[in-house]
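Asks: Here it is, the structure, as structure tokens.
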Amino acid sequence: MSSPEFDAFSILFGDKPELLAALRDKCIVRRYEKGATILNHQDESTDVHYVLKGHAKAYLLSADGREVWMNEFRPGDMFGEIAALAGSPRVCSIAAYAPVETAMFKGKVFLELMRTHGEFGIAVARLLA
């Protein structure tokens, strides 16, 4: 069964029905207003976010408190996977640059999806290459 809310999954992960169903079933949809913090620098959480709608940015704060923009994320982009894979603290903060909707996966769930769906693991590896 397809849902417009999850159409963005096929951008990165293809159209295998069993994988797309597993992704839909295992995620928690999160919504963030413009300016809301999604992840904090040095946080030890391992949640992984896949952008369904909207626009987010990764940034660090300089010594004088200015934001240094590191990256941006739009539908079909993923962030947080490094912390899940490495078990290390967040390397930057992520905020909603505009209203954002993500499919959030707990780190353990994300790793289990990689183990049980090889095509998902390959897609993540390609993203990191």
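If you're wondering about the labels, chains in the structure tokens are A, B, ... by order shown, residues count from 1 in each chain, ligands from 1 in order shown.
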Which residues are close to Gly121 in chain A, i.e. within 12 Å by only C-alpha atoms, leaving aside same-chain residues fewer than 5 positions away? Reply as a list of chain:residue names.

Replies: A:Leu12, A:Phe13, A:Leu19, A:Glu81, A:Leu85, A:Phe110, A:Leu111, A:Glu112, A:Leu113, A:Met114, A:Arg115, A:Thr116, A:Arg126, A:Leu127, A:Leu128

Asks: Selection from above, N, CA, C and O atoms, as a compact mmCIF listing (two decimals), in the first residue's frame, can you write it?

Replies:
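Writing done, so here's again.txt:
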```txt
# COMPACT_ATOMS: atom_id res chain seq x y z
N LEU A 12 15.58 7.27 -2.53
CA LEU A 12 16.87 6.67 -2.16
C LEU A 12 16.85 5.15 -2.13
O LEU A 12 17.84 4.53 -2.47
N PHE A 13 15.72 4.56 -1.77
CA PHE A 13 15.70 3.14 -1.49
C PHE A 13 15.04 2.27 -2.55
O PHE A 13 14.91 1.06 -2.38
N LEU A 19 10.55 -3.75 1.36
CA LEU A 19 11.43 -2.79 2.03
C LEU A 19 10.67 -1.51 2.37
O LEU A 19 10.75 -1.01 3.49
N GLU A 81 22.70 9.28 10.49
CA GLU A 81 23.14 7.89 10.30
C GLU A 81 24.55 7.64 10.84
O GLU A 81 24.86 6.53 11.27
N LEU A 85 25.54 4.52 13.22
CA LEU A 85 26.53 3.53 12.80
C LEU A 85 27.76 3.50 13.70
O LEU A 85 28.27 2.43 14.02
N PHE A 110 17.19 1.25 12.90
CA PHE A 110 17.92 1.56 11.67
C PHE A 110 18.95 0.47 11.36
O PHE A 110 19.02 -0.03 10.23
N LEU A 111 19.72 0.06 12.37
CA LEU A 111 20.73 -0.99 12.17
C LEU A 111 20.07 -2.32 11.83
O LEU A 111 20.57 -3.07 10.98
N GLU A 112 18.95 -2.63 12.47
CA GLU A 112 18.24 -3.88 12.16
C GLU A 112 17.72 -3.86 10.73
O GLU A 112 17.78 -4.88 10.03
N LEU A 113 17.21 -2.73 10.27
CA LEU A 113 16.77 -2.62 8.87
C LEU A 113 17.94 -2.86 7.92
O LEU A 113 17.79 -3.52 6.89
N MET A 114 19.10 -2.35 8.26
CA MET A 114 20.28 -2.58 7.42
C MET A 114 20.65 -4.06 7.38
O MET A 114 21.06 -4.57 6.34
N ARG A 115 20.52 -4.73 8.52
CA ARG A 115 20.87 -6.16 8.59
C ARG A 115 19.87 -7.03 7.82
O ARG A 115 20.25 -8.00 7.18
N THR A 116 18.59 -6.69 7.91
CA THR A 116 17.57 -7.56 7.33
C THR A 116 17.22 -7.23 5.89
O THR A 116 16.61 -8.05 5.20
N ARG A 126 26.10 3.69 -0.04
CA ARG A 126 26.30 4.59 -1.19
C ARG A 126 26.16 6.05 -0.77
O ARG A 126 26.87 6.92 -1.25
N LEU A 127 25.22 6.31 0.11
CA LEU A 127 25.02 7.66 0.62
C LEU A 127 26.28 8.15 1.33
O LEU A 127 26.66 9.32 1.21
N LEU A 128 26.93 7.27 2.05
CA LEU A 128 28.12 7.65 2.82
C LEU A 128 29.40 7.68 1.98
O LEU A 128 30.40 8.23 2.42
```

Asks: Give me the residues near Ile28 in chain A as a ChimeraX atom specification, where near means some atom within 10 Å (using only C-alpha atoms) and where sequence neighbours in that chain fewer than 5 positions away do not count.

Replies: /A:23,49,102-106

Asks: As JSON, numbers by chain, which residues of range 8-128 of chain A does DSSP assign to helix (DSSP H, G or I)?

Replies: {"A": [9, 10, 11, 12, 13, 17, 18, 19, 20, 21, 22, 23, 24, 25, 26, 81, 82, 83, 84, 85, 86, 107, 108, 109, 110, 111, 112, 113, 114, 115, 116, 118, 119, 120, 121, 122, 123, 124, 125, 126, 127, 128]}

Asks: Which residues come within 12 Å of Gly14 in chain A, counting only C-alpha atoms, excluding same-chain residues fewer than 5 positions away, as a list of chain:residue names?

Replies: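 Listing them by chain and then by number gives A:Asp7, A:Ala8, A:Phe9, A:Leu19, A:Leu20, A:Ala21, A:Leu23, A:Gly76, A:Glu119, A:Phe120, A:Ile122, A:Ala123.
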
Asks: The selected residues should be written to file as a tab-separated table (two decimals), in the first residue's frame (atoms: all heavy atoms).

Replies:
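Ended up saving to part25.tsv:
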```tsv
chain	number	residue	atom	x	y	z
A	7	ASP	N	6.25	8.71	-0.16
A	7	ASP	CA	6.78	8.59	-1.52
A	7	ASP	C	8.27	8.90	-1.58
A	7	ASP	O	8.98	8.35	-2.42
A	7	ASP	CB	6.03	9.51	-2.49
A	7	ASP	CG	4.65	8.96	-2.85
A	7	ASP	OD1	4.38	7.78	-2.54
A	7	ASP	OD2	3.87	9.72	-3.45
A	8	ALA	N	8.76	9.77	-0.70
A	8	ALA	CA	10.18	10.15	-0.72
A	8	ALA	C	11.09	8.96	-0.44
A	8	ALA	O	12.25	8.96	-0.85
A	8	ALA	CB	10.45	11.27	0.29
A	9	PHE	N	10.60	7.91	0.25
A	9	PHE	CA	11.44	6.73	0.50
A	9	PHE	C	11.99	6.14	-0.79
A	9	PHE	O	13.12	5.68	-0.83
A	9	PHE	CB	10.65	5.64	1.23
A	9	PHE	CG	10.52	5.82	2.71
A	9	PHE	CD1	9.41	5.32	3.36
A	9	PHE	CD2	11.48	6.47	3.47
A	9	PHE	CE1	9.27	5.47	4.73
A	9	PHE	CE2	11.35	6.61	4.83
A	9	PHE	CZ	10.23	6.12	5.47
A	19	LEU	N	10.55	-3.75	1.36
A	19	LEU	CA	11.43	-2.79	2.03
A	19	LEU	C	10.67	-1.51	2.37
A	19	LEU	O	10.75	-1.01	3.49
A	19	LEU	CB	12.65	-2.46	1.17
A	19	LEU	CG	13.54	-1.33	1.70
A	19	LEU	CD1	14.06	-1.64	3.10
A	19	LEU	CD2	14.68	-1.05	0.74
A	20	LEU	N	9.91	-0.99	1.41
A	20	LEU	CA	9.16	0.24	1.66
A	20	LEU	C	8.14	0.04	2.80
A	20	LEU	O	7.96	0.93	3.63
A	20	LEU	CB	8.47	0.71	0.38
A	20	LEU	CG	9.43	1.12	-0.75
A	20	LEU	CD1	8.63	1.50	-1.99
A	20	LEU	CD2	10.35	2.24	-0.32
A	21	ALA	N	7.52	-1.14	2.85
A	21	ALA	CA	6.58	-1.43	3.94
A	21	ALA	C	7.31	-1.47	5.29
A	21	ALA	O	6.81	-0.95	6.28
A	21	ALA	CB	5.86	-2.76	3.67
A	23	LEU	N	10.09	0.10	6.08
A	23	LEU	CA	10.47	1.47	6.43
A	23	LEU	C	9.27	2.23	7.00
A	23	LEU	O	9.39	2.90	8.03
A	23	LEU	CB	11.04	2.19	5.21
A	23	LEU	CG	12.38	1.68	4.69
A	23	LEU	CD1	12.72	2.33	3.36
A	23	LEU	CD2	13.49	1.90	5.70
A	76	GLY	N	14.18	13.21	0.59
A	76	GLY	CA	15.05	12.19	0.03
A	76	GLY	C	16.42	12.16	0.67
A	76	GLY	O	17.20	11.25	0.43
A	119	GLU	N	19.44	-4.38	0.47
A	119	GLU	CA	19.37	-3.24	-0.45
A	119	GLU	C	19.33	-1.92	0.31
A	119	GLU	O	19.83	-0.90	-0.16
A	119	GLU	CB	18.17	-3.35	-1.40
A	119	GLU	CG	16.81	-3.36	-0.75
A	119	GLU	CD	16.30	-4.71	-0.26
A	119	GLU	OE1	17.10	-5.63	0.02
A	119	GLU	OE2	15.08	-4.87	-0.15
A	120	PHE	N	18.77	-1.94	1.51
A	120	PHE	CA	18.77	-0.74	2.37
A	120	PHE	C	20.19	-0.44	2.84
A	120	PHE	O	20.64	0.70	2.78
A	120	PHE	CB	17.82	-0.95	3.55
A	120	PHE	CG	17.76	0.21	4.49
A	120	PHE	CD1	17.17	1.39	4.12
A	120	PHE	CD2	18.30	0.11	5.76
A	120	PHE	CE1	17.09	2.47	4.99
A	120	PHE	CE2	18.24	1.17	6.65
A	120	PHE	CZ	17.63	2.35	6.25
A	122	ILE	N	22.97	-1.28	1.38
A	122	ILE	CA	23.74	-0.81	0.23
A	122	ILE	C	23.42	0.65	-0.08
A	122	ILE	O	24.32	1.46	-0.34
A	122	ILE	CB	23.48	-1.71	-1.00
A	122	ILE	CG1	24.12	-3.08	-0.75
A	122	ILE	CG2	24.03	-1.06	-2.27
A	122	ILE	CD1	23.72	-4.14	-1.75
A	123	ALA	N	22.13	1.03	-0.01
A	123	ALA	CA	21.75	2.42	-0.26
A	123	ALA	C	22.40	3.35	0.76
A	123	ALA	O	22.89	4.43	0.40
A	123	ALA	CB	20.23	2.56	-0.25
```

Asks: Go through A:Ala95, A:Met78, A:Ala86, A:Val124 and flag the residue nearest Val48 in chain A, using only C-alpha atoms for the distances.

Replies: A:Met78

Asks: Which one of A:Ala129, A:Ile38, A:Leu61, A:Ile82 sits closest to Pro99 in chain A if you count only C-alpha atoms?

Replies: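 Nearest candidate to Pro99 in chain A out of A:Ala129, A:Ile38, A:Leu61, A:Ile82: A:Ile38.
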